[in-house]
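Source file entry17.cif; content: mmCIF, C-alpha atoms.
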data_my_file
#
loop_
_atom_site.label_atom_id
_atom_site.label_comp_id
_atom_site.auth_asym_id
_atom_site.auth_seq_id
_atom_site.Cartn_x
_atom_site.Cartn_y
_atom_site.Cartn_z
CA MET A 991 -12.13 -50.03 -22.22
CA SER A 992 -9.65 -47.23 -21.78
CA HIS A 993 -10.66 -44.10 -19.98
CA ASP A 994 -8.66 -41.21 -21.30
CA ALA A 995 -8.20 -38.28 -18.98
CA PRO A 996 -10.03 -35.13 -20.09
CA PRO A 997 -7.76 -32.73 -21.92
CA SER A 998 -6.32 -30.02 -19.75
CA PRO A 999 -7.43 -26.49 -20.57
CA PRO A 1000 -5.01 -24.51 -22.71
CA PRO A 1001 -2.72 -22.15 -20.83
CA PRO A 1002 -3.72 -18.48 -20.94
CA LYS A 1003 -2.25 -16.45 -23.75
CA PRO A 1004 0.78 -14.37 -22.72
CA THR A 1005 -1.06 -11.10 -23.29
CA ILE A 1006 -3.95 -12.21 -21.06
CA ALA A 1007 -1.59 -13.45 -18.33
CA TRP A 1008 0.37 -10.19 -18.51
CA TRP A 1009 -2.83 -8.14 -18.21
CA ARG A 1010 -3.96 -10.12 -15.16
CA THR A 1011 -0.62 -9.52 -13.46
CA HIS A 1012 -0.15 -5.86 -14.34
CA GLY A 1013 -3.74 -4.69 -14.88
CA PHE A 1014 -3.89 -2.60 -11.71
CA LEU A 1015 -0.65 -0.78 -12.52
CA LEU A 1016 -1.96 0.01 -15.99
CA GLY A 1017 -5.23 1.18 -14.47
CA LEU A 1018 -3.29 3.44 -12.14
CA GLY A 1019 -1.62 5.09 -15.12
CA VAL A 1020 -4.95 5.45 -16.93
CA ALA A 1021 -6.57 7.03 -13.84
CA VAL A 1022 -3.79 9.62 -13.61
CA LEU A 1023 -3.97 10.33 -17.35
CA LEU A 1024 -7.75 10.78 -17.24
CA GLY A 1025 -7.32 13.14 -14.31
CA PHE A 1026 -5.24 15.41 -16.56
CA LEU A 1027 -7.35 14.99 -19.70
CA LEU A 1028 -10.85 15.09 -18.13
CA PRO A 1029 -10.52 16.83 -14.76
CA ALA A 1030 -13.89 18.57 -14.51
CA PRO A 1031 -16.18 15.51 -13.96
CA GLY A 1032 -14.10 14.10 -11.09
CA ALA A 1033 -13.18 17.36 -9.37
CA ARG A 1034 -14.97 18.78 -6.33
CA GLY A 1035 -18.49 19.76 -7.37
CA GLY A 1036 -18.22 17.76 -10.63
CA VAL A 1037 -20.96 15.61 -12.11
CA LEU A 1038 -19.46 12.41 -10.61
CA HIS A 1039 -19.78 13.86 -7.06
CA ALA A 1040 -16.37 12.40 -6.19
CA GLU A 1041 -16.42 13.80 -2.65
CA LEU A 1042 -19.46 11.65 -1.82
CA VAL A 1043 -18.35 8.56 -3.73
CA THR A 1044 -14.91 8.71 -2.11
CA ASN A 1045 -16.22 8.46 1.46
CA PHE A 1046 -18.46 5.54 0.51
CA GLY A 1047 -15.60 3.96 -1.42
CA ILE A 1048 -13.21 4.14 1.55
CA ALA A 1049 -15.74 2.36 3.76
CA LEU A 1050 -16.34 -0.25 1.03
CA ILE A 1051 -12.61 -0.96 0.61
CA LEU A 1052 -12.10 -1.50 4.34
CA PHE A 1053 -15.27 -3.63 4.55
CA LEU A 1054 -14.04 -5.89 1.75
CA GLN A 1055 -10.59 -6.14 3.35
CA GLY A 1056 -12.15 -7.26 6.63
CA LEU A 1057 -14.40 -9.68 4.75
CA SER A 1058 -11.40 -11.18 2.92
CA LEU A 1059 -9.12 -11.51 5.96
CA ALA A 1060 -8.80 -15.26 6.54
CA LEU A 1061 -8.20 -15.36 10.29
CA GLU A 1062 -8.42 -19.14 10.23
CA LYS A 1063 -5.24 -19.27 8.11
CA ILE A 1064 -3.38 -16.74 10.27
CA LYS A 1065 -3.39 -18.68 13.55
CA SER A 1066 -0.67 -21.13 12.47
CA GLY A 1067 1.85 -18.28 12.17
CA ALA A 1068 1.03 -16.59 15.48
CA ALA A 1069 3.60 -18.28 17.73
CA ASN A 1070 6.83 -17.01 16.11
CA TRP A 1071 7.29 -13.92 18.29
CA ARG A 1072 10.84 -13.10 17.09
CA LEU A 1073 9.59 -12.81 13.52
CA HIS A 1074 6.67 -10.63 14.64
CA VAL A 1075 8.96 -8.23 16.54
CA VAL A 1076 11.27 -7.84 13.54
CA ILE A 1077 8.51 -7.18 11.01
CA GLN A 1078 6.34 -4.89 13.12
CA GLY A 1079 9.43 -3.13 14.44
CA PHE A 1080 10.62 -2.35 10.92
CA THR A 1081 7.13 -1.39 9.72
CA PHE A 1082 6.18 0.99 12.53
CA VAL A 1083 9.51 1.99 14.13
CA VAL A 1084 12.53 1.70 11.80
CA PHE A 1085 10.72 2.80 8.63
CA PRO A 1086 9.21 5.91 10.33
CA VAL A 1087 12.62 6.82 11.77
CA VAL A 1088 14.07 6.62 8.26
CA GLY A 1089 11.22 8.86 7.09
CA VAL A 1090 11.98 11.44 9.78
CA VAL A 1091 15.67 11.45 8.83
CA MET A 1092 14.77 11.91 5.14
CA ASN A 1093 12.40 14.73 6.03
CA TRP A 1094 15.10 16.44 8.09
CA ALA A 1095 17.80 16.00 5.44
CA SER A 1096 15.63 16.84 2.41
CA PRO A 1097 16.46 20.59 2.38
CA TRP A 1098 20.14 19.65 2.07
CA TYR A 1099 19.97 17.26 -0.89
CA TRP A 1100 16.76 18.59 -2.56
CA PRO A 1101 16.35 22.28 -1.65
CA ASP A 1102 13.42 22.87 -4.04
CA CYS A 1103 11.41 19.84 -2.88
CA PRO A 1104 7.77 20.87 -2.20
CA GLN A 1105 6.53 20.30 1.32
CA ALA A 1106 3.83 17.98 -0.03
CA ILE A 1107 6.45 15.58 -1.46
CA ARG A 1108 8.28 15.58 1.87
CA ASP A 1109 5.00 14.85 3.64
CA GLY A 1110 4.33 12.11 1.10
CA PHE A 1111 7.58 10.29 1.86
CA LEU A 1112 6.97 10.62 5.58
CA TYR A 1113 3.45 9.25 5.06
CA LEU A 1114 4.81 6.36 2.95
CA CYS A 1115 7.17 5.39 5.76
CA VAL A 1116 4.39 5.01 8.37
CA LEU A 1117 2.07 2.86 6.23
CA PRO A 1118 1.50 -0.84 7.04
CA SER A 1119 2.76 -3.65 4.85
CA THR A 1120 0.87 -5.28 2.00
CA ILE A 1121 -0.98 -8.57 2.51
CA SER A 1122 -1.37 -10.46 -0.76
CA SER A 1123 1.92 -9.65 -2.50
CA SER A 1124 4.00 -10.12 0.68
CA VAL A 1125 2.53 -13.58 1.21
CA VAL A 1126 2.77 -14.57 -2.46
CA LEU A 1127 6.42 -13.50 -2.78
CA THR A 1128 7.30 -15.25 0.49
CA ALA A 1129 5.70 -18.46 -0.79
CA VAL A 1130 7.47 -18.23 -4.15
CA ALA A 1131 10.86 -17.71 -2.48
CA GLY A 1132 10.38 -20.63 -0.06
CA GLY A 1133 9.90 -18.52 3.06
CA ASN A 1134 7.72 -18.82 6.16
CA THR A 1135 4.32 -18.27 4.53
CA PRO A 1136 2.14 -18.61 7.69
CA GLY A 1137 4.41 -16.13 9.47
CA ALA A 1138 4.20 -13.70 6.55
CA LEU A 1139 0.40 -14.00 6.44
CA PHE A 1140 0.05 -13.36 10.17
CA ASN A 1141 2.33 -10.33 10.17
CA ALA A 1142 1.01 -8.76 6.98
CA ALA A 1143 -2.58 -9.05 8.24
CA PHE A 1144 -1.66 -7.85 11.74
CA SER A 1145 0.23 -4.92 10.22
CA ASN A 1146 -2.88 -3.80 8.33
CA ILE A 1147 -5.11 -4.11 11.40
CA LEU A 1148 -2.62 -2.05 13.41
CA GLY A 1149 -2.16 0.41 10.57
CA VAL A 1150 -5.75 1.62 10.64
CA MET A 1151 -5.00 3.25 14.00
CA VAL A 1152 -1.21 3.49 14.17
CA THR A 1153 -0.67 5.22 10.82
CA PRO A 1154 -2.90 8.26 11.58
CA VAL A 1155 -1.33 8.55 15.05
CA LEU A 1156 2.19 8.47 13.61
CA VAL A 1157 1.24 11.00 10.93
CA HIS A 1158 -0.11 13.33 13.61
CA LEU A 1159 2.90 12.95 15.91
CA LEU A 1160 5.57 13.23 13.22
CA MET A 1161 3.96 15.99 11.18
CA GLN A 1162 3.21 17.94 14.34
CA LYS A 1163 6.97 18.38 14.55
CA THR A 1164 6.97 19.90 11.06
CA GLY A 1165 3.86 22.01 11.63
CA GLN A 1166 1.80 20.05 9.12
CA SER A 1167 -0.68 18.23 11.37
CA ALA A 1168 -4.40 18.95 11.50
CA PRO A 1169 -6.70 18.81 14.59
CA PHE A 1170 -6.46 15.18 15.61
CA LEU A 1171 -9.62 14.27 17.54
CA PRO A 1172 -12.11 15.02 14.70
CA LEU A 1173 -9.75 13.22 12.30
CA LEU A 1174 -9.58 10.17 14.57
CA MET A 1175 -13.37 10.01 14.86
CA LYS A 1176 -13.76 10.20 11.08
CA ILE A 1177 -11.14 7.48 10.56
CA MET A 1178 -12.86 5.21 13.06
CA LEU A 1179 -16.22 5.73 11.35
CA LEU A 1180 -14.97 5.13 7.80
CA THR A 1181 -12.32 2.47 8.49
CA LEU A 1182 -12.55 0.60 11.78
CA VAL A 1183 -16.34 0.23 11.71
CA PRO A 1184 -16.58 -1.25 8.17
CA PHE A 1185 -13.36 -3.27 8.68
CA GLY A 1186 -14.71 -4.77 11.90
CA LEU A 1187 -18.10 -5.40 10.27
CA GLY A 1188 -16.40 -7.26 7.43
CA MET A 1189 -14.45 -9.43 9.87
CA ALA A 1190 -17.64 -10.14 11.86
CA LEU A 1191 -19.55 -11.20 8.74
CA ARG A 1192 -16.76 -13.37 7.29
CA PRO A 1193 -17.79 -16.58 9.15
CA PHE A 1194 -21.20 -16.34 7.48
CA LEU A 1195 -19.97 -15.27 4.02
CA LYS A 1196 -16.64 -17.14 3.89
CA LYS A 1197 -17.61 -19.58 1.12
CA TRP A 1198 -19.09 -16.85 -1.05
CA VAL A 1199 -16.12 -14.52 -0.56
CA ASP A 1200 -13.55 -17.23 -1.28
CA LEU A 1201 -15.48 -18.27 -4.38
CA HIS A 1202 -15.60 -14.68 -5.69
CA LYS A 1203 -12.31 -13.36 -4.27
CA VAL A 1204 -11.16 -12.25 -7.73
CA TRP A 1205 -14.18 -9.97 -8.11
CA VAL A 1206 -13.86 -8.74 -4.52
CA ALA A 1207 -10.29 -7.65 -5.32
CA ARG A 1208 -11.41 -6.04 -8.60
CA ILE A 1209 -14.07 -3.98 -6.86
CA SER A 1210 -11.52 -2.71 -4.33
CA ASN A 1211 -9.07 -1.88 -7.10
CA LEU A 1212 -11.70 0.01 -9.10
CA VAL A 1213 -12.61 2.10 -6.07
CA ILE A 1214 -8.92 2.91 -5.46
CA LEU A 1215 -8.50 3.92 -9.12
CA PHE A 1216 -11.53 6.24 -8.89
CA ILE A 1217 -10.13 7.86 -5.73
CA VAL A 1218 -6.78 8.42 -7.48
CA TYR A 1219 -8.58 9.86 -10.53
CA ALA A 1220 -10.60 12.26 -8.37
CA ALA A 1221 -7.48 13.40 -6.49
CA PHE A 1222 -5.65 14.22 -9.71
CA CYS A 1223 -8.74 15.96 -11.10
CA ASP A 1224 -8.68 18.34 -8.13
CA SER A 1225 -4.96 18.96 -8.53
CA VAL A 1226 -5.35 19.83 -12.23
CA MET A 1227 -8.27 22.19 -11.55
CA ASP A 1228 -6.25 23.85 -8.78
CA ARG A 1229 -3.21 24.14 -11.13
CA VAL A 1230 -0.93 22.33 -8.67
CA TRP A 1231 1.25 20.82 -11.41
CA GLU A 1232 1.62 24.12 -13.21
CA ARG A 1233 3.04 25.68 -10.05
CA HIS A 1234 5.56 22.95 -9.32
CA GLY A 1235 6.48 21.61 -12.77
CA TRP A 1236 7.21 18.04 -13.82
CA GLY A 1237 10.83 17.97 -12.66
CA LEU A 1238 9.65 17.01 -9.18
CA THR A 1239 8.40 13.65 -10.54
CA VAL A 1240 11.95 12.78 -11.61
CA GLY A 1241 13.27 13.82 -8.21
CA ALA A 1242 10.57 11.79 -6.46
CA CYS A 1243 11.48 8.73 -8.57
CA LEU A 1244 15.14 9.01 -7.57
CA GLU A 1245 14.31 9.48 -3.89
CA THR A 1246 11.93 6.50 -4.02
CA ALA A 1247 14.68 4.29 -5.48
CA VAL A 1248 17.14 5.41 -2.80
CA LEU A 1249 14.59 4.80 -0.03
CA PHE A 1250 13.71 1.31 -1.29
CA THR A 1251 17.36 0.31 -1.76
CA GLY A 1252 18.38 1.65 1.65
CA ILE A 1253 15.55 0.03 3.60
CA SER A 1254 16.07 -3.27 1.73
CA LEU A 1255 19.77 -3.39 2.67
CA LEU A 1256 19.01 -2.35 6.26
CA THR A 1257 16.35 -5.07 6.59
CA TRP A 1258 18.59 -7.74 5.07
CA MET A 1259 21.59 -6.89 7.26
CA SER A 1260 19.44 -6.73 10.41
CA CYS A 1261 17.90 -10.14 9.73
CA LYS A 1262 21.35 -11.60 9.13
CA ALA A 1263 22.64 -10.04 12.35
CA LEU A 1264 19.70 -11.53 14.27
CA ARG A 1265 20.49 -14.94 12.71
CA LEU A 1266 16.97 -15.63 11.57
CA SER A 1267 16.43 -18.92 9.81
CA ARG A 1268 16.24 -18.70 6.03
CA PRO A 1269 12.40 -19.10 5.88
CA ASP A 1270 11.97 -16.45 8.58
CA LEU A 1271 14.49 -14.13 6.92
CA ILE A 1272 12.59 -14.29 3.63
CA ALA A 1273 9.25 -13.59 5.34
CA ALA A 1274 10.76 -10.77 7.41
CA TYR A 1275 12.29 -9.14 4.35
CA PHE A 1276 9.20 -9.18 2.13
CA CYS A 1277 6.85 -8.01 4.90
CA SER A 1278 9.23 -5.31 6.20
CA VAL A 1279 10.15 -3.51 2.96
CA LYS A 1280 6.66 -3.42 1.40
CA LYS A 1281 4.08 -0.67 1.84
CA THR A 1282 0.40 -0.92 1.01
CA LEU A 1283 -1.16 1.19 -1.72
CA ALA A 1284 -4.60 -0.36 -1.13
CA MET A 1285 -4.83 1.08 2.38
CA GLY A 1286 -2.49 3.99 1.73
CA VAL A 1287 -4.80 5.77 -0.71
CA PRO A 1288 -7.97 5.68 1.45
CA LEU A 1289 -6.11 6.73 4.59
CA ALA A 1290 -4.43 9.59 2.72
CA ILE A 1291 -7.85 10.86 1.61
CA LEU A 1292 -9.00 10.90 5.24
CA ILE A 1293 -5.82 12.43 6.67
CA PHE A 1294 -4.96 14.96 3.94
CA GLY A 1295 -8.28 15.21 2.11
CA ASP A 1296 -8.63 18.99 2.44
CA ARG A 1297 -5.23 19.75 0.90
CA GLU A 1298 -5.13 20.73 -2.77
CA ASP A 1299 -1.66 19.16 -3.11
CA LEU A 1300 -2.95 15.69 -2.16
CA PRO A 1301 -1.66 14.10 -5.42
CA LEU A 1302 1.85 15.24 -4.54
CA ILE A 1303 1.47 13.53 -1.16
CA LEU A 1304 0.29 10.35 -2.90
CA LEU A 1305 3.10 10.44 -5.48
CA PRO A 1306 5.76 8.65 -3.35
CA VAL A 1307 3.28 5.86 -2.47
CA MET A 1308 2.32 5.44 -6.13
CA LEU A 1309 5.97 5.32 -7.21
CA TYR A 1310 7.02 2.94 -4.44
CA HIS A 1311 4.27 0.44 -5.30
CA PRO A 1312 5.46 -0.66 -8.77
CA LEU A 1313 9.12 -0.50 -7.71
CA GLN A 1314 8.58 -2.88 -4.80
CA LEU A 1315 6.62 -5.29 -6.99
CA LEU A 1316 9.26 -5.35 -9.74
CA ALA A 1317 12.37 -5.55 -7.55
CA ASN A 1318 10.92 -8.03 -5.06
CA GLY A 1319 9.49 -10.18 -7.83
CA VAL A 1320 12.97 -10.55 -9.33
CA LEU A 1321 14.44 -11.28 -5.88
CA ALA A 1322 11.76 -13.88 -5.09
CA SER A 1323 12.51 -15.70 -8.37
CA TYR A 1324 16.24 -15.67 -7.57
CA TRP A 1325 15.69 -17.10 -4.07
CA ALA A 1326 13.32 -19.73 -5.48
CA LYS A 1327 16.06 -20.95 -7.86
CA GLU A 1328 18.54 -21.12 -4.97
CA THR A 1329 16.25 -23.42 -2.98
CA ALA A 1330 15.22 -25.55 -5.98
#
In structure tokens, write the structure found in this file.
Amino acid sequence: MSHDAPPSPPPPKPTIAWWRTHGFLLGLGVAVLLGFLLPAPGARGGVLHAELVTNFGIALILFLQGLSLALEKIKSGAANWRLHVVIQGFTFVVFPVVGVVMNWASPWYWPDCPQAIRDGFLYLCVLPSTISSSVVLTAVAGGNTPGALFNAAFSNILGVMVTPVLVHLLMQKTGQSAPFLPLLMKIMLLTLVPFGLGMALRPFLKKWVDLHKVWVARISNLVILFIVYAAFCDSVMDRVWERHGWGLTVGACLETAVLFTGISLLTWMSCKALRLSRPDLIAAYFCSVKKTLAMGVPLAILIFGDREDLPLILLPVMLYHPLQLLANGVLASYWAKETA
């Protein structure tokens, strides 16, 4: 008697696969559009009570990130100290220095640039790296995946504390910083506490989280989209865009492209000069040039939440996110073909 193998499930339709890959980016566009079309419900004092939901949402995002952080998979990449120094050095030293130089030079090449956009680029430069996309792109390109996982996760743990400190120190030079001690206490309460609680509970909930990791990610993404919607609602009600016009979006797009291209070339040349092995070079590149939107939005709410021009501060982060995914996705495919 022959035992035929069960038929394999049909591959997902292209439209479904495309939606799964780009759904968050589309949602980001929808959230911004709704902020302009229906600003009243999500604005301060609106029926959605965004100011209350946002604080809860920030804590929920950080809790889920801690719950999803697979420390057991990170240990294997912990010994490669040269790789760690390169990635963390670029993330929290080189990138911020580039941001300071851009902030200093901005009046020369973009005299009409609003201060909020300048603050936004400086904020972008002090954010930690991404976790999931850095690791996925490193794996696709044939890089050091354990090393990428360790550094991306370590970058996010450091970023909860280092990013607000860098924002305070750098923006203090420009006169844009707020009182730091109350801010630090609020950040610890809404980020470190839920993040640490999530990490502490992971050993007990690991199987459940890994089984439902798709829905865990979707919940985090939905909260981020609501926070973005609420921020743009406030900006529309405060007539921020009417005061500055839409030309600044074009300027921000161009500056984002220049920043990404410059930091990519600087990272690549530095890794070559340090003679990193090919797997380490790939991991170092993808972890060093990427910046997290998932943590960037909640931290921006905490650091700049009282400013009516918050959407302008978020604009560079929101523009950098799709650019890094598109450009690095193409580069990862090219490197994968080279190693095939």
Could you give me, as a Markdown table, a per-residue list for segment 1180-1214 of chain A showing, wherever an atom lies at most 9 Å from an atom of segment 1287-1307 of chain A, the closest pair of atoms and their distance in Å to one decimal, using all atoms listed in the file and sorting by chain then residue number from low to high?
| residue | atom | partner | partner_atom | distance |
| --- | --- | --- | --- | --- |
| A:Leu1180 | CA | A:Leu1292 | CA | 8.7 |
| A:Thr1181 | CA | A:Leu1289 | CA | 8.5 |
| A:Ile1214 | CA | A:Val1287 | CA | 6.9 |
Could you pull out every residue with an atom within 6 Å of (6.4, -8.6, 7.5), file coordinates, counting all atoms listed in the file, and send them as a PDB file with C-alpha atoms, in the coordinates of the input?
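Listing of part.pdb after writing:
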ATOM      1  CA  ILE A1077       8.510  -7.180  11.010  1.00  0.00           C
ATOM      2  CA  ALA A1138       4.200 -13.700   6.550  1.00  0.00           C
ATOM      3  CA  ASN A1141       2.330 -10.330  10.170  1.00  0.00           C
ATOM      4  CA  ALA A1142       1.010  -8.760   6.980  1.00  0.00           C
ATOM      5  CA  ALA A1274      10.760 -10.770   7.410  1.00  0.00           C
ATOM      6  CA  CYS A1277       6.850  -8.010   4.900  1.00  0.00           C
ATOM      7  CA  SER A1278       9.230  -5.310   6.200  1.00  0.00           C
TER       8      SER A1278
END
* To do: Tell me which residues the PyMOL selection byres ((chain A and resi 1317) around 12) grabs here, as a VMD selection string.
  => chain A and resid 1127 1247 1250 to 1251 1254 1276 1279 to 1280 1310 to 1316 1318 to 1324
Export, as an mmCIF file, in the frame of the given file, the selected residues with C-alpha atoms.
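New file again.cif:
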data_model
loop_
_atom_site.group_PDB
_atom_site.id
_atom_site.type_symbol
_atom_site.label_atom_id
_atom_site.label_comp_id
_atom_site.auth_asym_id
_atom_site.auth_seq_id
_atom_site.Cartn_x
_atom_site.Cartn_y
_atom_site.Cartn_z
ATOM 1 C CA LEU A 1127 6.420 -13.500 -2.780
ATOM 2 C CA ALA A 1247 14.680 4.290 -5.480
ATOM 3 C CA PHE A 1250 13.710 1.310 -1.290
ATOM 4 C CA THR A 1251 17.360 0.310 -1.760
ATOM 5 C CA SER A 1254 16.070 -3.270 1.730
ATOM 6 C CA PHE A 1276 9.200 -9.180 2.130
ATOM 7 C CA VAL A 1279 10.150 -3.510 2.960
ATOM 8 C CA LYS A 1280 6.660 -3.420 1.400
ATOM 9 C CA TYR A 1310 7.020 2.940 -4.440
ATOM 10 C CA HIS A 1311 4.270 0.440 -5.300
ATOM 11 C CA PRO A 1312 5.460 -0.660 -8.770
ATOM 12 C CA LEU A 1313 9.120 -0.500 -7.710
ATOM 13 C CA GLN A 1314 8.580 -2.880 -4.800
ATOM 14 C CA LEU A 1315 6.620 -5.290 -6.990
ATOM 15 C CA LEU A 1316 9.260 -5.350 -9.740
ATOM 16 C CA ASN A 1318 10.920 -8.030 -5.060
ATOM 17 C CA GLY A 1319 9.490 -10.180 -7.830
ATOM 18 C CA VAL A 1320 12.970 -10.550 -9.330
ATOM 19 C CA LEU A 1321 14.440 -11.280 -5.880
ATOM 20 C CA ALA A 1322 11.760 -13.880 -5.090
ATOM 21 C CA SER A 1323 12.510 -15.700 -8.370
ATOM 22 C CA TYR A 1324 16.240 -15.670 -7.570
#
* To do: On this file, the PyMOL selection byres ((chain A and resi 1083) around 12) gives some set of residues; write that set as a ChimeraX atom specification.
  => /A:1075-1082,1084-1090,1115-1118,1152-1153,1156,1160,1278
Just C-alpha atoms for this one: save the residues we selected as a short mmCIF file (atom, residue, chain, number, x, y, z; two decimals), keeping the file's coordinate frame.
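The resulting file, again-v5.cif, is shown below:
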data_model
loop_
_atom_site.label_atom_id
_atom_site.label_comp_id
_atom_site.auth_asym_id
_atom_site.auth_seq_id
_atom_site.Cartn_x
_atom_site.Cartn_y
_atom_site.Cartn_z
CA VAL A 1075 8.96 -8.23 16.54
CA VAL A 1076 11.27 -7.84 13.54
CA ILE A 1077 8.51 -7.18 11.01
CA GLN A 1078 6.34 -4.89 13.12
CA GLY A 1079 9.43 -3.13 14.44
CA PHE A 1080 10.62 -2.35 10.92
CA THR A 1081 7.13 -1.39 9.72
CA PHE A 1082 6.18 0.99 12.53
CA VAL A 1084 12.53 1.70 11.80
CA PHE A 1085 10.72 2.80 8.63
CA PRO A 1086 9.21 5.91 10.33
CA VAL A 1087 12.62 6.82 11.77
CA VAL A 1088 14.07 6.62 8.26
CA GLY A 1089 11.22 8.86 7.09
CA VAL A 1090 11.98 11.44 9.78
CA CYS A 1115 7.17 5.39 5.76
CA VAL A 1116 4.39 5.01 8.37
CA LEU A 1117 2.07 2.86 6.23
CA PRO A 1118 1.50 -0.84 7.04
CA VAL A 1152 -1.21 3.49 14.17
CA THR A 1153 -0.67 5.22 10.82
CA LEU A 1156 2.19 8.47 13.61
CA LEU A 1160 5.57 13.23 13.22
CA SER A 1278 9.23 -5.31 6.20
#
Selection result for the PyMOL selection byres ((chain A and resi 1012-1028) around 12) on this file, as a PDB file with C-alpha atoms, in the coordinates of the input:
ATOM      1  CA  PRO A1004       0.780 -14.370 -22.720  1.00  0.00           C
ATOM      2  CA  THR A1005      -1.060 -11.100 -23.290  1.00  0.00           C
ATOM      3  CA  ILE A1006      -3.950 -12.210 -21.060  1.00  0.00           C
ATOM      4  CA  ALA A1007      -1.590 -13.450 -18.330  1.00  0.00           C
ATOM      5  CA  TRP A1008       0.370 -10.190 -18.510  1.00  0.00           C
ATOM      6  CA  TRP A1009      -2.830  -8.140 -18.210  1.00  0.00           C
ATOM      7  CA  ARG A1010      -3.960 -10.120 -15.160  1.00  0.00           C
ATOM      8  CA  THR A1011      -0.620  -9.520 -13.460  1.00  0.00           C
ATOM      9  CA  PRO A1029     -10.520  16.830 -14.760  1.00  0.00           C
ATOM     10  CA  ALA A1030     -13.890  18.570 -14.510  1.00  0.00           C
ATOM     11  CA  PRO A1031     -16.180  15.510 -13.960  1.00  0.00           C
ATOM     12  CA  GLY A1032     -14.100  14.100 -11.090  1.00  0.00           C
ATOM     13  CA  ALA A1033     -13.180  17.360  -9.370  1.00  0.00           C
ATOM     14  CA  GLY A1036     -18.220  17.760 -10.630  1.00  0.00           C
ATOM     15  CA  VAL A1037     -20.960  15.610 -12.110  1.00  0.00           C
ATOM     16  CA  LEU A1038     -19.460  12.410 -10.610  1.00  0.00           C
ATOM     17  CA  ALA A1207     -10.290  -7.650  -5.320  1.00  0.00           C
ATOM     18  CA  ARG A1208     -11.410  -6.040  -8.600  1.00  0.00           C
ATOM     19  CA  ILE A1209     -14.070  -3.980  -6.860  1.00  0.00           C
ATOM     20  CA  SER A1210     -11.520  -2.710  -4.330  1.00  0.00           C
ATOM     21  CA  ASN A1211      -9.070  -1.880  -7.100  1.00  0.00           C
ATOM     22  CA  LEU A1212     -11.700   0.010  -9.100  1.00  0.00           C
ATOM     23  CA  VAL A1213     -12.610   2.100  -6.070  1.00  0.00           C
ATOM     24  CA  ILE A1214      -8.920   2.910  -5.460  1.00  0.00           C
ATOM     25  CA  LEU A1215      -8.500   3.920  -9.120  1.00  0.00           C
ATOM     26  CA  PHE A1216     -11.530   6.240  -8.890  1.00  0.00           C
ATOM     27  CA  ILE A1217     -10.130   7.860  -5.730  1.00  0.00           C
ATOM     28  CA  VAL A1218      -6.780   8.420  -7.480  1.00  0.00           C
ATOM     29  CA  TYR A1219      -8.580   9.860 -10.530  1.00  0.00           C
ATOM     30  CA  ALA A1220     -10.600  12.260  -8.370  1.00  0.00           C
ATOM     31  CA  ALA A1221      -7.480  13.400  -6.490  1.00  0.00           C
ATOM     32  CA  PHE A1222      -5.650  14.220  -9.710  1.00  0.00           C
ATOM     33  CA  CYS A1223      -8.740  15.960 -11.100  1.00  0.00           C
ATOM     34  CA  ASP A1224      -8.680  18.340  -8.130  1.00  0.00           C
ATOM     35  CA  SER A1225      -4.960  18.960  -8.530  1.00  0.00           C
ATOM     36  CA  VAL A1226      -5.350  19.830 -12.230  1.00  0.00           C
ATOM     37  CA  MET A1227      -8.270  22.190 -11.550  1.00  0.00           C
ATOM     38  CA  ASP A1228      -6.250  23.850  -8.780  1.00  0.00           C
ATOM     39  CA  ARG A1229      -3.210  24.140 -11.130  1.00  0.00           C
ATOM     40  CA  VAL A1230      -0.930  22.330  -8.670  1.00  0.00           C
ATOM     41  CA  TRP A1231       1.250  20.820 -11.410  1.00  0.00           C
ATOM     42  CA  GLU A1232       1.620  24.120 -13.210  1.00  0.00           C
ATOM     43  CA  LEU A1283      -1.160   1.190  -1.720  1.00  0.00           C
ATOM     44  CA  ALA A1284      -4.600  -0.360  -1.130  1.00  0.00           C
ATOM     45  CA  VAL A1287      -4.800   5.770  -0.710  1.00  0.00           C
ATOM     46  CA  PRO A1301      -1.660  14.100  -5.420  1.00  0.00           C
ATOM     47  CA  LEU A1304       0.290  10.350  -2.900  1.00  0.00           C
ATOM     48  CA  LEU A1305       3.100  10.440  -5.480  1.00  0.00           C
ATOM     49  CA  VAL A1307       3.280   5.860  -2.470  1.00  0.00           C
ATOM     50  CA  MET A1308       2.320   5.440  -6.130  1.00  0.00           C
ATOM     51  CA  LEU A1309       5.970   5.320  -7.210  1.00  0.00           C
ATOM     52  CA  TYR A1310       7.020   2.940  -4.440  1.00  0.00           C
ATOM     53  CA  HIS A1311       4.270   0.440  -5.300  1.00  0.00           C
ATOM     54  CA  PRO A1312       5.460  -0.660  -8.770  1.00  0.00           C
ATOM     55  CA  LEU A1313       9.120  -0.500  -7.710  1.00  0.00           C
ATOM     56  CA  LEU A1315       6.620  -5.290  -6.990  1.00  0.00           C
ATOM     57  CA  LEU A1316       9.260  -5.350  -9.740  1.00  0.00           C
TER      58      LEU A1316
END
* Dig up all the protein and nucleic acid residues within 9 Å of (5.9, 18.2, 5.1) in the file frame, using all atoms listed in the file, and format them as number ranges by chain. => A: 1093, 1104-1112, 1161, 1164-1166, 1303
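Excluding Ala1129 of chain A and any residue on its chain fewer than 4 positions from it, the residues at most 9 Å away by all atoms listed in the file are A:Ser1124, A:Val1125, A:Gly1133, A:Asn1134, A:Thr1135, A:Ala1138, A:Ala1273, A:Ala1322.
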Write out as an mmCIF file with C-alpha atoms, in the frame of the given file each polymer residue whose atoms come within 9 Å of Cys1261 of chain A, counting only C-alpha atoms; drop sequence neighbours fewer than 5 positions from it.
data_model
loop_
_atom_site.group_PDB
_atom_site.id
_atom_site.type_symbol
_atom_site.label_atom_id
_atom_site.label_comp_id
_atom_site.auth_asym_id
_atom_site.auth_seq_id
_atom_site.Cartn_x
_atom_site.Cartn_y
_atom_site.Cartn_z
ATOM 1 C CA VAL A 1076 11.270 -7.840 13.540
ATOM 2 C CA LEU A 1256 19.010 -2.350 6.260
ATOM 3 C CA LEU A 1266 16.970 -15.630 11.570
ATOM 4 C CA SER A 1267 16.430 -18.920 9.810
ATOM 5 C CA ASP A 1270 11.970 -16.450 8.580
ATOM 6 C CA LEU A 1271 14.490 -14.130 6.920
ATOM 7 C CA ALA A 1274 10.760 -10.770 7.410
ATOM 8 C CA TYR A 1275 12.290 -9.140 4.350
#
